[in-house]
>>> print(open('target29.cif').read())   # mmCIF, C-alpha atoms
data_structure
loop_
_atom_site.label_atom_id
_atom_site.label_comp_id
_atom_site.auth_asym_id
_atom_site.auth_seq_id
_atom_site.Cartn_x
_atom_site.Cartn_y
_atom_site.Cartn_z
CA MET Y 1281 0.00 0.00 0.00
CA ILE Y 1282 1.29 3.47 -0.92
CA GLY Y 1283 1.58 5.77 2.07
CA SER Y 1284 0.16 9.29 2.06
CA ASP Y 1285 3.70 10.71 2.29
CA THR Y 1286 5.07 8.69 -0.63
CA PRO Y 1287 5.54 11.16 -3.52
CA ARG Y 1288 3.88 10.72 -6.87
CA THR Y 1289 6.41 11.02 -9.66
CA ILE Y 1290 5.13 12.95 -12.68
CA TRP Y 1291 7.40 13.66 -15.63
CA LEU Y 1292 6.47 16.62 -17.83
CA VAL Y 1293 8.04 17.15 -21.26
CA ALA Y 1294 7.45 20.50 -22.99
CA GLY Y 1295 9.12 21.64 -26.19
CA GLU Y 1296 8.47 25.39 -26.48
CA ASP Y 1297 7.36 28.48 -24.57
CA SER Y 1298 3.60 27.92 -24.92
CA GLY Y 1299 3.99 24.38 -23.58
CA ASP Y 1300 6.10 25.73 -20.72
CA GLN Y 1301 3.25 28.08 -19.75
CA LEU Y 1302 0.75 25.21 -19.83
CA GLY Y 1303 3.12 23.02 -17.85
CA ALA Y 1304 3.48 25.63 -15.09
CA LYS Y 1305 -0.28 25.92 -14.67
CA LEU Y 1306 -0.64 22.14 -14.74
CA MET Y 1307 1.96 21.83 -11.98
CA ARG Y 1308 -0.04 24.21 -9.79
CA GLY Y 1309 -3.20 22.24 -10.47
CA LEU Y 1310 -1.52 18.91 -9.69
CA VAL Y 1311 -0.06 20.16 -6.41
CA ALA Y 1312 -3.42 21.60 -5.36
CA LEU Y 1313 -5.40 18.43 -6.09
CA SER Y 1314 -2.95 15.64 -5.21
CA ASP Y 1315 -3.43 13.78 -1.92
CA ARG Y 1316 0.33 13.11 -1.83
CA PRO Y 1317 3.47 15.15 -2.45
CA ILE Y 1318 4.58 15.27 -6.09
CA ARG Y 1319 8.08 14.90 -7.48
CA PHE Y 1320 8.41 16.48 -10.92
CA GLY Y 1321 11.01 15.94 -13.61
CA GLY Y 1322 11.49 16.23 -17.35
CA VAL Y 1323 11.90 19.18 -19.70
CA GLY Y 1324 10.52 22.69 -19.23
CA GLY Y 1325 11.24 26.38 -19.37
CA GLU Y 1326 11.21 29.49 -17.21
CA ALA Y 1327 7.55 29.34 -16.19
CA MET Y 1328 7.89 25.76 -14.96
CA ALA Y 1329 11.19 26.64 -13.24
CA ALA Y 1330 9.32 29.33 -11.29
CA GLU Y 1331 7.17 26.50 -9.89
CA GLY Y 1332 10.27 24.64 -8.71
CA PHE Y 1333 10.87 22.52 -11.80
CA ALA Y 1334 14.45 21.49 -12.68
CA SER Y 1335 14.68 20.92 -16.44
CA LEU Y 1336 16.88 18.18 -17.82
CA PHE Y 1337 18.29 20.71 -20.32
CA PRO Y 1338 17.35 24.19 -21.63
CA ILE Y 1339 14.07 24.13 -23.52
CA ASP Y 1340 15.62 26.35 -26.22
CA ASP Y 1341 17.57 23.30 -27.39
CA VAL Y 1342 14.36 21.79 -28.81
CA ALA Y 1343 12.16 24.85 -29.40
CA VAL Y 1344 12.48 24.94 -33.19
CA MET Y 1345 9.81 25.06 -35.88
CA GLY Y 1346 9.89 24.64 -39.66
CA TYR Y 1347 11.69 22.20 -41.93
CA LEU Y 1348 14.90 24.17 -42.39
CA PRO Y 1349 15.46 25.10 -38.69
CA VAL Y 1350 14.77 21.48 -37.68
CA ALA Y 1351 17.18 20.16 -40.32
CA ALA Y 1352 19.88 22.57 -39.15
CA ARG Y 1353 19.61 21.34 -35.55
CA LEU Y 1354 18.74 17.72 -36.20
CA ARG Y 1355 21.75 16.26 -34.39
CA THR Y 1356 20.99 18.26 -31.24
CA LEU Y 1357 17.30 17.34 -31.40
CA LEU Y 1358 18.02 13.63 -31.76
CA ARG Y 1359 20.50 13.77 -28.87
CA ARG Y 1360 17.95 15.54 -26.65
CA ILE Y 1361 15.25 13.02 -27.58
CA ARG Y 1362 17.53 10.14 -26.56
CA GLN Y 1363 18.50 11.94 -23.36
CA THR Y 1364 14.88 12.59 -22.42
CA VAL Y 1365 13.86 8.98 -23.09
CA ARG Y 1366 16.76 7.71 -21.01
CA ASP Y 1367 15.80 10.04 -18.13
CA VAL Y 1368 12.17 8.87 -18.14
CA VAL Y 1369 13.14 5.20 -18.22
CA GLU Y 1370 15.70 5.59 -15.43
CA SER Y 1371 13.34 7.69 -13.25
CA ARG Y 1372 10.34 5.36 -13.69
CA PRO Y 1373 7.63 7.98 -13.05
CA ASP Y 1374 3.98 7.16 -12.32
CA VAL Y 1375 2.86 9.05 -15.43
CA LEU Y 1376 4.45 10.90 -18.36
CA VAL Y 1377 2.78 14.08 -19.65
CA ILE Y 1378 3.96 15.41 -23.00
CA ILE Y 1379 2.93 19.00 -23.74
CA ASP Y 1380 2.33 20.19 -27.33
CA SER Y 1381 5.36 20.31 -29.74
CA PRO Y 1382 4.52 16.91 -31.28
CA GLY Y 1383 7.66 16.81 -33.42
CA PHE Y 1384 9.73 16.50 -30.24
CA THR Y 1385 7.32 15.15 -27.62
CA HIS Y 1386 5.80 12.39 -29.76
CA ALA Y 1387 9.27 11.16 -30.64
CA VAL Y 1388 9.94 10.90 -26.89
CA ALA Y 1389 6.61 9.25 -26.09
CA SER Y 1390 6.80 6.60 -28.83
CA ARG Y 1391 10.30 5.56 -27.70
CA VAL Y 1392 9.32 5.51 -24.02
CA ARG Y 1393 6.32 3.32 -24.80
CA LYS Y 1394 8.57 0.67 -26.36
CA ARG Y 1395 10.78 0.58 -23.26
CA MET Y 1396 8.06 1.10 -20.61
CA PRO Y 1397 4.87 -0.38 -22.10
CA ASP Y 1398 2.88 -0.04 -18.85
CA LEU Y 1399 3.60 3.66 -18.21
CA PRO Y 1400 0.51 5.89 -18.71
CA ILE Y 1401 1.27 8.65 -21.25
CA VAL Y 1402 -0.92 11.77 -21.50
CA ASP Y 1403 -0.70 14.26 -24.37
CA TYR Y 1404 -1.62 17.80 -23.25
CA VAL Y 1405 -2.74 19.70 -26.40
CA SER Y 1406 -4.06 17.77 -29.35
CA PRO Y 1407 -2.20 18.07 -32.64
CA SER Y 1408 -4.43 19.70 -35.28
CA VAL Y 1409 -5.48 16.35 -36.75
CA TRP Y 1410 -8.89 17.86 -37.54
CA ALA Y 1411 -7.22 20.40 -39.86
CA TRP Y 1412 -4.45 18.54 -41.66
CA ARG Y 1413 -2.72 15.15 -41.77
CA PRO Y 1414 -5.74 13.45 -40.12
CA TRP Y 1415 -4.05 10.04 -40.18
CA ARG Y 1416 -1.90 11.22 -37.25
CA ALA Y 1417 -4.83 10.60 -34.88
CA ALA Y 1418 -4.81 6.81 -35.39
CA ARG Y 1419 -0.99 6.74 -35.36
CA MET Y 1420 -1.02 8.23 -31.85
CA ARG Y 1421 -2.99 5.37 -30.31
CA PRO Y 1422 -0.07 2.96 -29.78
CA PHE Y 1423 1.83 5.43 -27.57
CA ILE Y 1424 -0.75 7.93 -26.20
CA ASP Y 1425 -3.33 6.86 -23.62
CA HIS Y 1426 -5.25 10.12 -23.22
CA VAL Y 1427 -5.31 13.45 -25.09
CA LEU Y 1428 -6.21 16.64 -23.21
CA ALA Y 1429 -7.87 18.94 -25.75
CA LEU Y 1430 -7.94 22.75 -25.63
CA LEU Y 1431 -10.78 23.11 -28.15
CA PRO Y 1432 -14.29 21.71 -27.60
CA PHE Y 1433 -14.64 20.03 -31.02
CA GLU Y 1434 -11.41 18.01 -30.74
CA PRO Y 1435 -12.74 14.97 -28.80
CA GLU Y 1436 -15.25 14.26 -31.58
CA ALA Y 1437 -12.49 14.65 -34.18
CA HIS Y 1438 -10.34 12.02 -32.43
CA ARG Y 1439 -13.31 9.68 -32.10
CA ARG Y 1440 -14.11 10.05 -35.81
CA LEU Y 1441 -10.48 9.62 -36.88
CA GLY Y 1442 -9.72 6.66 -34.61
CA GLY Y 1443 -7.44 8.54 -32.25
CA PRO Y 1444 -6.80 8.00 -28.53
CA THR Y 1445 -9.32 8.80 -25.81
CA CYS Y 1446 -9.67 12.58 -25.83
CA THR Y 1447 -11.22 14.94 -23.27
CA TYR Y 1448 -11.87 18.66 -23.58
CA VAL Y 1449 -10.20 20.28 -20.57
CA GLY Y 1450 -10.60 23.91 -21.61
CA HIS Y 1451 -8.40 26.51 -23.24
CA PRO Y 1452 -6.04 28.46 -20.94
CA LEU Y 1453 -7.60 31.70 -22.21
CA ILE Y 1454 -10.70 30.82 -20.17
CA GLU Y 1455 -8.63 31.61 -17.07
CA ARG Y 1456 -7.93 35.12 -18.42
CA LEU Y 1457 -11.45 36.33 -19.18
CA GLN Y 1458 -11.18 39.16 -16.67
CA GLU Y 1459 -8.24 40.57 -18.65
CA LEU Y 1460 -10.16 40.32 -21.93
CA ARG Y 1461 -13.62 41.59 -20.97
CA PRO Y 1462 -14.34 45.36 -20.89
CA ASP Y 1463 -15.58 47.13 -17.79
CA PRO Y 1464 -18.59 49.49 -18.27
CA SER Y 1465 -16.46 52.50 -19.26
CA GLU Y 1466 -14.42 50.41 -21.72
CA ALA Y 1467 -17.62 48.94 -23.18
CA ARG Y 1468 -18.90 52.47 -23.79
CA ALA Y 1469 -15.58 53.34 -25.48
CA ARG Y 1470 -16.35 50.71 -28.12
CA ASP Y 1471 -19.07 53.05 -29.40
CA ALA Y 1472 -16.92 56.20 -29.17
CA SER Y 1473 -15.78 58.29 -32.09
CA PRO Y 1474 -13.30 57.81 -33.64
CA PRO Y 1475 -13.69 54.02 -33.37
CA THR Y 1476 -10.75 51.90 -32.22
CA LEU Y 1477 -9.50 49.31 -34.70
CA VAL Y 1478 -6.99 46.75 -33.42
CA ILE Y 1479 -4.56 45.51 -36.06
CA LEU Y 1480 -2.79 42.19 -35.48
CA PRO Y 1481 -0.40 41.11 -38.27
CA GLY Y 1482 0.81 37.91 -36.58
CA SER Y 1483 3.66 36.86 -34.31
CA ARG Y 1484 6.05 35.24 -36.80
CA ARG Y 1485 8.42 37.23 -38.97
CA SER Y 1486 7.07 35.72 -42.20
CA GLU Y 1487 3.49 36.61 -41.24
CA ILE Y 1488 4.44 40.18 -40.38
CA GLU Y 1489 6.39 40.73 -43.59
CA ARG Y 1490 3.52 39.45 -45.75
CA LEU Y 1491 0.61 41.08 -43.94
CA MET Y 1492 1.92 44.48 -42.81
CA PRO Y 1493 1.87 46.04 -46.33
CA VAL Y 1494 -1.68 44.77 -46.97
CA PHE Y 1495 -2.90 45.87 -43.54
CA GLY Y 1496 -1.32 49.32 -44.00
CA ALA Y 1497 -3.03 49.77 -47.38
CA THR Y 1498 -6.31 48.60 -45.81
CA LEU Y 1499 -6.08 51.16 -43.01
CA GLY Y 1500 -5.37 53.96 -45.49
CA ARG Y 1501 -8.36 53.07 -47.67
CA LEU Y 1502 -10.60 52.52 -44.65
CA THR Y 1503 -9.74 55.94 -43.19
CA ARG Y 1504 -10.57 57.63 -46.48
CA GLN Y 1505 -13.88 55.78 -46.66
CA VAL Y 1506 -15.24 55.97 -43.09
CA GLY Y 1507 -13.27 58.86 -41.59
CA PRO Y 1508 -10.82 59.04 -38.64
CA ILE Y 1509 -9.88 55.75 -36.95
CA GLU Y 1510 -7.91 55.14 -33.78
CA ALA Y 1511 -5.68 52.33 -35.06
CA VAL Y 1512 -3.77 50.33 -32.42
CA LEU Y 1513 -1.18 47.68 -33.28
CA PRO Y 1514 0.04 45.42 -30.41
CA ALA Y 1515 3.59 44.69 -31.55
CA VAL Y 1516 5.28 41.38 -30.74
CA THR Y 1517 8.35 42.32 -28.67
CA ARG Y 1518 10.86 40.17 -30.55
CA HIS Y 1519 9.80 41.74 -33.89
CA ARG Y 1520 9.33 45.29 -32.62
CA ALA Y 1521 11.98 46.87 -34.87
CA LEU Y 1522 10.59 45.16 -37.98
CA ILE Y 1523 7.03 46.25 -37.22
CA GLU Y 1524 8.09 49.83 -36.51
CA ARG Y 1525 10.00 49.97 -39.79
CA LEU Y 1526 7.13 48.57 -41.85
CA ALA Y 1527 4.57 50.82 -40.16
CA LEU Y 1528 6.55 53.91 -41.25
CA GLY Y 1529 5.41 53.27 -44.81
CA TRP Y 1530 1.70 53.39 -43.94
CA ASP Y 1531 -0.28 56.40 -45.17
CA ALA Y 1532 -2.53 56.45 -42.09
CA PRO Y 1533 -1.34 56.75 -38.48
CA VAL Y 1534 -1.17 53.72 -36.20
CA ARG Y 1535 -0.22 53.57 -32.51
CA LEU Y 1536 2.08 50.71 -31.54
CA VAL Y 1537 1.71 49.21 -28.06
CA HIS Y 1538 3.80 46.52 -26.39
CA GLY Y 1539 3.14 43.72 -23.92
CA GLU Y 1540 0.16 41.52 -23.05
CA ALA Y 1541 -1.45 44.07 -20.73
CA ALA Y 1542 -1.46 46.78 -23.41
CA LYS Y 1543 -2.79 44.33 -26.00
CA HIS Y 1544 -5.69 43.27 -23.82
CA ALA Y 1545 -6.43 46.90 -22.91
CA ALA Y 1546 -6.76 47.61 -26.65
CA PHE Y 1547 -9.09 44.60 -27.04
CA ARG Y 1548 -11.35 45.89 -24.27
CA ARG Y 1549 -11.86 49.21 -26.11
CA ALA Y 1550 -11.85 47.93 -29.71
CA ARG Y 1551 -14.86 48.27 -31.95
CA ALA Y 1552 -13.37 45.86 -34.48
CA ALA Y 1553 -10.16 44.04 -35.37
CA LEU Y 1554 -8.14 43.10 -38.44
CA ALA Y 1555 -6.17 39.99 -37.50
CA ALA Y 1556 -3.91 37.31 -38.87
CA SER Y 1557 -5.33 33.83 -38.43
CA GLY Y 1558 -4.15 32.20 -35.20
CA THR Y 1559 -4.84 31.95 -31.47
CA VAL Y 1560 -5.31 35.72 -31.31
CA THR Y 1561 -8.66 35.28 -33.09
CA LEU Y 1562 -9.84 33.22 -30.10
CA GLU Y 1563 -8.65 35.97 -27.74
CA LEU Y 1564 -10.64 38.50 -29.75
CA ALA Y 1565 -13.69 36.24 -29.74
CA LEU Y 1566 -13.61 35.85 -25.96
CA ALA Y 1567 -13.20 39.63 -25.69
CA GLY Y 1568 -16.31 40.05 -27.88
CA VAL Y 1569 -14.52 41.98 -30.65
CA PRO Y 1570 -15.95 41.58 -34.19
CA MET Y 1571 -13.16 40.81 -36.62
CA VAL Y 1572 -11.98 40.26 -40.15
CA VAL Y 1573 -9.30 37.57 -40.52
CA ALA Y 1574 -6.59 37.45 -43.17
CA TYR Y 1575 -3.63 35.26 -44.01
CA LYS Y 1576 -0.94 34.83 -46.66
CA VAL Y 1577 1.76 32.20 -47.08
CA SER Y 1578 4.35 31.43 -49.76
CA ARG Y 1579 3.25 29.71 -52.97
CA ILE Y 1580 4.99 26.49 -51.93
CA GLU Y 1581 3.21 26.50 -48.55
CA GLU Y 1582 -0.08 27.26 -50.30
CA ALA Y 1583 0.35 24.26 -52.62
CA VAL Y 1584 1.07 21.97 -49.66
CA ALA Y 1585 -1.82 23.39 -47.62
CA ARG Y 1586 -4.34 22.90 -50.41
CA ARG Y 1587 -3.46 19.18 -50.47
CA LEU Y 1588 -3.47 18.65 -46.70
CA ILE Y 1589 -5.94 21.02 -45.00
CA GLN Y 1590 -9.24 19.27 -44.26
CA VAL Y 1591 -11.40 22.06 -42.76
CA PRO Y 1592 -13.68 24.67 -44.37
CA THR Y 1593 -12.17 27.53 -42.33
CA ILE Y 1594 -8.87 28.32 -40.62
CA VAL Y 1595 -10.45 30.67 -38.06
CA LEU Y 1596 -10.66 29.05 -34.60
CA PRO Y 1597 -13.89 30.83 -33.50
CA ASN Y 1598 -15.56 29.67 -36.74
CA LEU Y 1599 -14.50 26.08 -36.04
CA ILE Y 1600 -15.89 26.29 -32.51
CA LEU Y 1601 -19.16 27.81 -33.76
CA ALA Y 1602 -19.34 25.31 -36.65
CA ARG Y 1603 -20.14 28.15 -39.05
CA ASN Y 1604 -18.17 30.87 -40.82
CA ALA Y 1605 -19.37 33.82 -38.76
CA MET Y 1606 -16.07 35.72 -39.06
CA PRO Y 1607 -15.05 36.51 -42.66
CA GLU Y 1608 -11.62 35.31 -43.73
CA PHE Y 1609 -9.51 36.40 -46.69
CA ILE Y 1610 -6.67 34.07 -47.65
CA GLN Y 1611 -3.96 34.29 -50.30
CA ALA Y 1612 -5.31 36.00 -53.46
CA ASP Y 1613 -8.40 37.17 -51.54
CA CYS Y 1614 -6.22 38.98 -48.99
CA THR Y 1615 -6.32 42.43 -50.63
CA ALA Y 1616 -6.95 45.91 -49.26
CA PRO Y 1617 -10.22 46.48 -51.21
CA ARG Y 1618 -11.73 43.22 -49.96
CA LEU Y 1619 -10.61 43.79 -46.36
CA VAL Y 1620 -12.04 47.32 -46.40
CA GLU Y 1621 -15.35 46.02 -47.74
CA ALA Y 1622 -15.62 43.60 -44.81
CA LEU Y 1623 -14.29 45.95 -42.11
CA ALA Y 1624 -16.31 49.09 -42.87
CA PRO Y 1625 -19.67 47.60 -41.72
CA LEU Y 1626 -18.07 46.39 -38.47
CA LEU Y 1627 -16.99 49.96 -37.65
CA SER Y 1628 -20.18 51.70 -38.75
CA GLY Y 1629 -22.68 49.19 -37.38
CA GLY Y 1630 -25.59 47.34 -38.92
CA PRO Y 1631 -26.58 43.74 -39.73
CA ALA Y 1632 -23.03 42.48 -40.40
CA ARG Y 1633 -21.78 43.76 -37.06
CA ASP Y 1634 -24.89 42.57 -35.20
CA ALA Y 1635 -24.52 39.07 -36.65
CA GLN Y 1636 -20.91 38.81 -35.46
CA VAL Y 1637 -21.74 40.12 -31.99
CA GLU Y 1638 -24.50 37.52 -31.68
CA ALA Y 1639 -22.18 34.72 -32.83
CA LEU Y 1640 -19.41 35.80 -30.44
CA SER Y 1641 -21.88 35.77 -27.53
CA ARG Y 1642 -22.20 32.00 -28.00
CA ILE Y 1643 -18.47 31.27 -27.66
CA ASP Y 1644 -18.63 31.29 -23.84
CA ASP Y 1645 -21.21 28.53 -23.61
CA LEU Y 1646 -19.36 26.40 -26.15
CA MET Y 1647 -16.01 26.69 -24.32
CA ARG Y 1648 -17.23 26.66 -20.72
CA LEU Y 1649 -16.28 23.70 -18.54
CA PRO Y 1650 -18.77 21.98 -16.20
CA CYS Y 1651 -19.16 23.70 -12.83
CA GLY Y 1652 -16.95 26.58 -14.00
CA ASP Y 1653 -13.80 24.49 -13.54
CA GLU Y 1654 -10.41 25.93 -14.49
CA PRO Y 1655 -8.58 24.27 -17.42
CA SER Y 1656 -5.43 23.59 -15.41
CA ARG Y 1657 -7.39 21.78 -12.69
CA SER Y 1658 -9.49 19.90 -15.22
CA ALA Y 1659 -6.28 18.68 -16.85
CA ALA Y 1660 -4.69 17.86 -13.48
CA ARG Y 1661 -7.59 15.59 -12.48
CA ILE Y 1662 -7.12 13.45 -15.57
CA VAL Y 1663 -3.35 13.28 -15.10
CA LEU Y 1664 -3.74 12.18 -11.49
CA GLY Y 1665 -6.10 9.39 -12.54
CA ALA Y 1666 -4.20 8.41 -15.70
CA LYS Y 1667 -4.07 4.72 -16.53
CA ARG Y 1668 -2.60 2.72 -19.38
CA ALA Y 1669 -5.23 2.37 -22.12
CA ALA Y 1670 -6.48 -1.14 -22.74
#
>>> encode(input="target29.cif", output="structure tokens")
Amino acid sequence: MIGSDTPRTIWLVAGEDSGDQLGAKLMRGLVALSDRPIRFGGVGGEAMAAEGFASLFPIDDVAVMGYLPVAARLRTLLRRIRQTVRDVVESRPDVLVIIDSPGFTHAVASRVRKRMPDLPIVDYVSPSVWAWRPWRAARMRPFIDHVLALLPFEPEAHRRLGGPTCTYVGHPLIERLQELRPDPSEARARDASPPTLVILPGSRRSEIERLMPVFGATLGRLTRQVGPIEAVLPAVTRHRALIERLALGWDAPVRLVHGEAAKHAAFRRARAALAASGTVTLELALAGVPMVVAYKVSRIEEAVARRLIQVPTIVLPNLILARNAMPEFIQADCTAPRLVEALAPLLSGGPARDAQVEALSRIDDLMRLPCGDEPSRSAARIVLGAKRAA
């Protein structure tokens, strides 16, 4: 019989900053809910370190994305995969939790499963099998026992595609609603003149370089058509110089702000948003901001995407709503005239704006967890009860 003072051993393996943030919150949830002390190990970053986690090696060693960066660091990645597997096997934890970054974490999990077939393995954050490369769902079953999904439609996608058991545990943004929702004075500011338009050209350099010129031309045309606009652009810190340089060429003024707090303050006052496709569209949806979504990739990426993408929309709120409530303009459709045509009614008001506001009001119910539970605690409960799948 295990005594109440015998520690649980839980190994967490994250591969990038977003996974590190999730891992830190999961650690807090596990400690709060466990009936025994917990001993943690594995791979994490600064946020997990702040919770007392000692990483096997710096997370930056494996935090790479894209074919060329991965190829350039392949030897290091393979060495870190072997090192992580060896650490898990030698430590013999009660459960292994891999967090996002499937290129790294799935390589670890599949190798651990071969050497420790009875160890429960939980995958925190489902790969986007519902969007592209759907065969990955079934391929996960031999080495993943339970998937913790951030989006409410993902469990059904795994069931349909033959993936592992999957449970919706809630998106971490649910825990930040107070930062996203306007107070009464901020809500009134959404109807002020001039209206506030938030412009979000993405967080990756390639996104910024492709979308900034189009977004600048859109703002110029929009200002000439509807009058003065208070344009606010929350700039990603690591690309601040690039964004400032590209914004100098715009023929309408834009105010750059920096940091999460300033970004969310802009959301709370915004009448509308022009955004690159990505997680930021879910932030805007939870903040109740009507939006127009745009995206451009290289021709090679477009050709690959057309063969692999399986969904009718790339906008997360649309996928959650199961209808294309937020207009999206991709590739050849991503032009200033088309973006202006979609944005102008959101600023001036009318049926188009009302329809989006109504759709966004339904996001809460679709993403809410039973009994108002927090995502990190919902995830922690499953990890604490994790068992090897039959």
>>> resolve_selection(input="target29.cif", expression="the PyMOL selection byres ((chain Y and resi 1298) around 10)", output="ChimeraX atom specification")
/Y:1294-1297,1299-1303,1325,1327,1379-1381
>>> resolve_selection(input="target29.cif", expression="the PyMOL selection byres ((chain Y and resi 1477) around 6)", output="MDAnalysis selection string")
chainID Y and resid 1476 1478 1511 1550 1552:1553
>>> closest_residue(input="target29.cif", among="Y:Val1342, Y:Leu1292, Y:Ile1401, Y:Ala1545", to="Y:Gly1321", atoms="only C-alpha atoms")
Y:Leu1292
>>> residues_around(input="target29.cif", residues="Y:Gly1309", least_positions_apart="5", cutoff="12 Å", atoms="all atoms listed in the file", output="MDAnalysis selection string")
chainID Y and resid 1302:1304 1314 1318 1331 1653:1664
>>> resolve_selection(input="target29.cif", expression="the PyMOL selection byres ((chain Y and resi 1402) around 12)", output="count of residues only")
47
>>> atom_distance(input="target29.cif", atom1="atom CA of Y:Glu1563", atom2="atom CA of Y:Arg1470")
16.6 Å
>>> atom_distance(input="target29.cif", atom1="atom CA of Y:Thr1364", atom2="atom CA of Y:Arg1395")
12.7 Å
>>> closest_residue(input="target29.cif", among="Y:Val1506, Y:Leu1453, Y:Met1492, Y:Leu1358", to="Y:Leu1526", atoms="only C-alpha atoms")
Y:Met1492
>>> closest_residue(input="target29.cif", among="Y:Leu1441, Y:Leu1640, Y:Ala1556, Y:Ala1497", to="Y:Val1620", atoms="only C-alpha atoms")
Y:Ala1497
>>> atom_distance(input="target29.cif", atom1="atom CA of Y:Ala1417", atom2="atom CA of Y:Glu1487")
28.0 Å
>>> residues_around(input="target29.cif", residues="Y:Leu1562", least_positions_apart="4", cutoff="8 Å", atoms="only C-alpha atoms", output="PyMOL selection string")
chain Y and resi 1558+1566+1596-1597
>>> build_atoms(input="target29.cif", residues="stretch 1596-1612 of chain Y", atoms="N, CA and C atoms", output="compact mmCIF listing (two decimals), in the frame of the given file")
# COMPACT_ATOMS: atom_id res chain seq x y z
N LEU Y 1596 -10.27 29.87 -35.75
CA LEU Y 1596 -10.66 29.05 -34.60
C LEU Y 1596 -12.08 29.34 -34.11
N PRO Y 1597 -12.51 30.61 -33.94
CA PRO Y 1597 -13.89 30.83 -33.50
C PRO Y 1597 -14.92 30.23 -34.47
N ASN Y 1598 -14.64 30.28 -35.77
CA ASN Y 1598 -15.56 29.67 -36.74
C ASN Y 1598 -15.64 28.16 -36.54
N LEU Y 1599 -14.50 27.53 -36.28
CA LEU Y 1599 -14.50 26.08 -36.04
C LEU Y 1599 -15.28 25.73 -34.79
N ILE Y 1600 -15.16 26.54 -33.75
CA ILE Y 1600 -15.89 26.29 -32.51
C ILE Y 1600 -17.38 26.49 -32.72
N LEU Y 1601 -17.75 27.51 -33.48
CA LEU Y 1601 -19.16 27.81 -33.76
C LEU Y 1601 -19.76 26.87 -34.80
N ALA Y 1602 -18.90 26.18 -35.56
CA ALA Y 1602 -19.34 25.31 -36.65
C ALA Y 1602 -20.05 26.10 -37.75
N ARG Y 1603 -19.65 27.34 -37.93
CA ARG Y 1603 -20.14 28.15 -39.05
C ARG Y 1603 -19.19 29.32 -39.27
N ASN Y 1604 -19.12 29.82 -40.48
CA ASN Y 1604 -18.17 30.87 -40.82
C ASN Y 1604 -18.74 32.25 -40.51
N ALA Y 1605 -18.81 32.54 -39.21
CA ALA Y 1605 -19.37 33.82 -38.76
C ALA Y 1605 -18.39 34.98 -38.96
N MET Y 1606 -17.09 34.70 -38.87
CA MET Y 1606 -16.07 35.72 -39.06
C MET Y 1606 -15.49 35.58 -40.46
N PRO Y 1607 -15.56 36.63 -41.29
CA PRO Y 1607 -15.05 36.51 -42.66
C PRO Y 1607 -13.54 36.35 -42.68
N GLU Y 1608 -13.05 35.54 -43.61
CA GLU Y 1608 -11.62 35.31 -43.73
C GLU Y 1608 -11.20 35.51 -45.19
N PHE Y 1609 -10.02 36.09 -45.36
CA PHE Y 1609 -9.51 36.40 -46.69
C PHE Y 1609 -8.09 35.85 -46.77
N ILE Y 1610 -7.92 34.83 -47.60
CA ILE Y 1610 -6.67 34.07 -47.65
C ILE Y 1610 -6.07 34.16 -49.04
N GLN Y 1611 -4.73 34.28 -49.06
CA GLN Y 1611 -3.96 34.29 -50.30
C GLN Y 1611 -4.44 35.37 -51.26
N ALA Y 1612 -4.93 35.01 -52.45
CA ALA Y 1612 -5.31 36.00 -53.46
C ALA Y 1612 -6.47 36.87 -52.99
